[in-house]
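J.: This is the structure I want to talk about, given as structure tokens.
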Amino acid sequence: MKILVLSSLFPYPPIQGKAQVRTFSFLKHLNTAYDTTLVTQESEQVLEEDIDALQQQIRHCLIFPRVTHQENNKGFLETAKQLGVFFQQGTPPGVLSHYSLEIQEWLDQAVESGEFDLLLCEGSANEIYVRPGWQKKIPMVIDIHRSVYGKYKHEMETNANDSGLKEQLSLPLLRRYEKQYCHKFAAVVVANQTEQQILKNLKLEVPVTLVPNGLNLRVFPKRLRNQPGHRITFVGTMDKPANIDAARFFSLEVFPKILQRYPDATLDIVGSRPVPEVLELDELPGVHVTGQVPCILDHLHNTTVSVIPIRKSVGTKMRTLEALATGTPLVSSDYGLEGLSVDGPGVPLVAMRANDVDEYVYAVGRLFQDGKLREKLSDNGRSLVENEYTWEQMSHRYEQVLLDTYNKFT
């Protein structure tokens with residue numbers, strides 16, 4: 001089977017974000033079993049060595065230059081203009097911003113030629129290139145890394161952004177847009193349960209299959225022993241709103257109460273691109289904002305407890321899987337543990353669950369004091385990822401969706 005993969009986001013190196021890791025992991029698997037062609041665009045940060053590395057690993061790789069259409073934010077008038085485009089075309093301005101006519105022309109010719117057996121869109125932004133008439137020519141699957149409608153809906157419900165006029169007007173338009181573009185495809189893949197339910201609520205006429213994110217266990221080995229002491233680590237990219245909120249919540253509301261009980265306790269906030277609201281936390285007693293570090297593993301392997309105090313995000317977190325895989329005892333919110341079986345009747349305890357200040361103080365304190373509990377979480381966390389969340393397992397589930405779609409079409 002000849003598979004054409006479309007990813008406007010350059011998928012290499014697979015360490016920049018969840019989208020790159022997910023796309024590259026699936027792409028690498030498909031490339032070993034099928035005649036796979038990747039169509040992608042250069043990103044602003046892409047290096048020549050990244051391009052060379054991707055071309056060495058993917059048999060057929062077409063890389064087009066990046067296109068950026070200028071977007072202005074000039075108050076209400078510009079917002080009205082953008083919404084006008086949204087109303088008329090049904091496509092959000094952000095999706096249009098990197099649209100490439102060169103890619104479109106190449107895809108038009110490729111589909112018309114009948115050269116490929118299946119078309120795969122990695123990320124919803126790529127739907128813009130897919131013409132509705134292609135449904136009769138080639139089976140098509142879209143892997144929605146993040147639902148645009150679901151993202152805005154969640155942010156408005158949790159007050160994660162300033163829900164002004166633009167967001168309130170956009171939400172019903174995004175709902176319509178997502179429903180319309182999904183119907184161009186024979187199958188839809190999503191990465192988390194919340195967005196699977198959101199799309200099912202749109203009453204789509206196409207199947208919506210859950211294939212969560214996974215982890216490369218070779219990159220995240222289990223630590224050799226658990227660490228005593230009173231060291232806490234929070235890992236995340238520190239310019240993302242959900243991580244900024246989490247860092248401030250834990251540093252300002254939770255950690256001072258932990259310090260009252262454990263005066264020698266420390267909190268490391270580890271992650272690239274810390275914004276001023278995060279950097280200022282470094283001035284608090286016991287808190288250290290590291291910024292980007294050479295190796296996240298060093299911090300996970302050497303901390304006593306890892307925390308993921310997310311309050312405003314959805315989906316299986318890569319950072320959650322990384323902590324579990326390395327055997328780092330974890331305390332996390334419901335958002336951080338979404339989609340994972342970590343506690344409850346008949347389920348081995350994998351992580352401590354906490355959602356308010358007192359629950360975090362209690363859970364962290366228990367792990368500080370109980371070495372056997374830390375060992376238990378360490379072993380169970382590693383086993384969960386090994387048994388259910390490797391990229392090899394997720395890739396096989398993903399491949400089955402493609403095969404089922406192809407077989408139905410033929």
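Residues in the structure tokens are numbered from 1 in each chain, the chains being A, B, ... in the order shown, and ligands are numbered from 1 in the order shown.
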With only C-alpha atoms as the counted atoms, please give the residues lying no more than 6 Å from Cys61 in chain A, apart from itself and same-chain residues fewer than 5 positions off, as a PyMOL selection string.

T.: chain A and resi 37-38+55

J.: Between A:Arg273, A:Arg218, A:Arg261, A:Arg248, which is the closest to Glu322 in chain A once you count only C-alpha atoms?

T.: A:Arg218

J.: Kindly indicate which residue among A:Leu9, A:Ala19, A:Leu252, A:Leu384 lies nearest to Ala191 in chain A, using only C-alpha atoms for the distances.

T.: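 Among the listed residues, A:Ala19 lies closest to Ala191 in chain A.
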
J.: When distances are computed from only C-alpha atoms, which of A:Ile232, A:Leu267, A:Ala125, A:Met238 shows the smallest separation from Cys182 in chain A?

T.: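 Selected residue with least distance to Cys182 in chain A: A:Ala125.
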
J.: Have a look at A:Ser113, A:Gln193, A:Ser333, A:Thr233 and name the one nearest to Thr304 in chain A; count only C-alpha atoms.

T.: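 Ranking A:Ser113, A:Gln193, A:Ser333, A:Thr233 by distance to Thr304 in chain A, first place goes to A:Thr233.
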
J.: Can you tell me, as number ranges by chain, what residues are no more than 10 Å from range 390-395 of chain A when counting only C-alpha atoms, ignoring any on the same chain fewer than 6 positions away?

T.: A: 21-22, 25-30, 210-217, 321, 325, 384, 401

J.: Which residues, written as a list in words, have at least one atom at most 7 Å from Ile63 in chain A, with only C-alpha atoms counted and residues fewer than 6 positions away on the same chain left out?

T.: Val39, Thr40, Gln41 and Glu42 of chain A

J.: If you keep N, CA and C atoms, can you produce a file of those selected residues as a PDB file, in the first residue's frame?

T.:
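So result.pdb came out as:
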ATOM      1  N   VAL A  39       4.674  14.751   2.796  1.00  0.00           N
ATOM      2  CA  VAL A  39       4.659  16.122   2.291  1.00  0.00           C
ATOM      3  C   VAL A  39       4.593  17.053   3.490  1.00  0.00           C
ATOM      4  N   THR A  40       5.589  17.928   3.626  1.00  0.00           N
ATOM      5  CA  THR A  40       5.639  18.806   4.790  1.00  0.00           C
ATOM      6  C   THR A  40       6.212  20.161   4.402  1.00  0.00           C
ATOM      7  N   GLN A  41       6.237  21.096   5.379  1.00  0.00           N
ATOM      8  CA  GLN A  41       6.785  22.426   5.185  1.00  0.00           C
ATOM      9  C   GLN A  41       7.910  22.678   6.182  1.00  0.00           C
ATOM     10  N   GLU A  42       8.859  23.480   5.771  1.00  0.00           N
ATOM     11  CA  GLU A  42       9.883  23.910   6.712  1.00  0.00           C
ATOM     12  C   GLU A  42       9.238  24.783   7.791  1.00  0.00           C
TER      13      GLU A  42
END

J.: So the first atom is CA of Leu403 in chain A and the second is CA of Glu115 in chain A; what is the distance between them in Å, to one decimal place?

T.: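 About the pair CA of Leu403 in chain A and CA of Glu115 in chain A: they are 17.5 Å apart.
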
J.: Residues of range 83-144 of chain A classed as helix (DSSP H, G or I) by DSSP on the backbone are to be reported as a ChimeraX atom specification.

T.: /A:83-89,93-96,101-113,124-129,132-136

J.: Using only C-alpha atoms, which of the listed residues (A:Asp268, A:Tyr406, A:Tyr12, A:Leu281) sits closest to Lys137 in chain A?

T.: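 So, comparing all the options, the nearest one is A:Tyr406.
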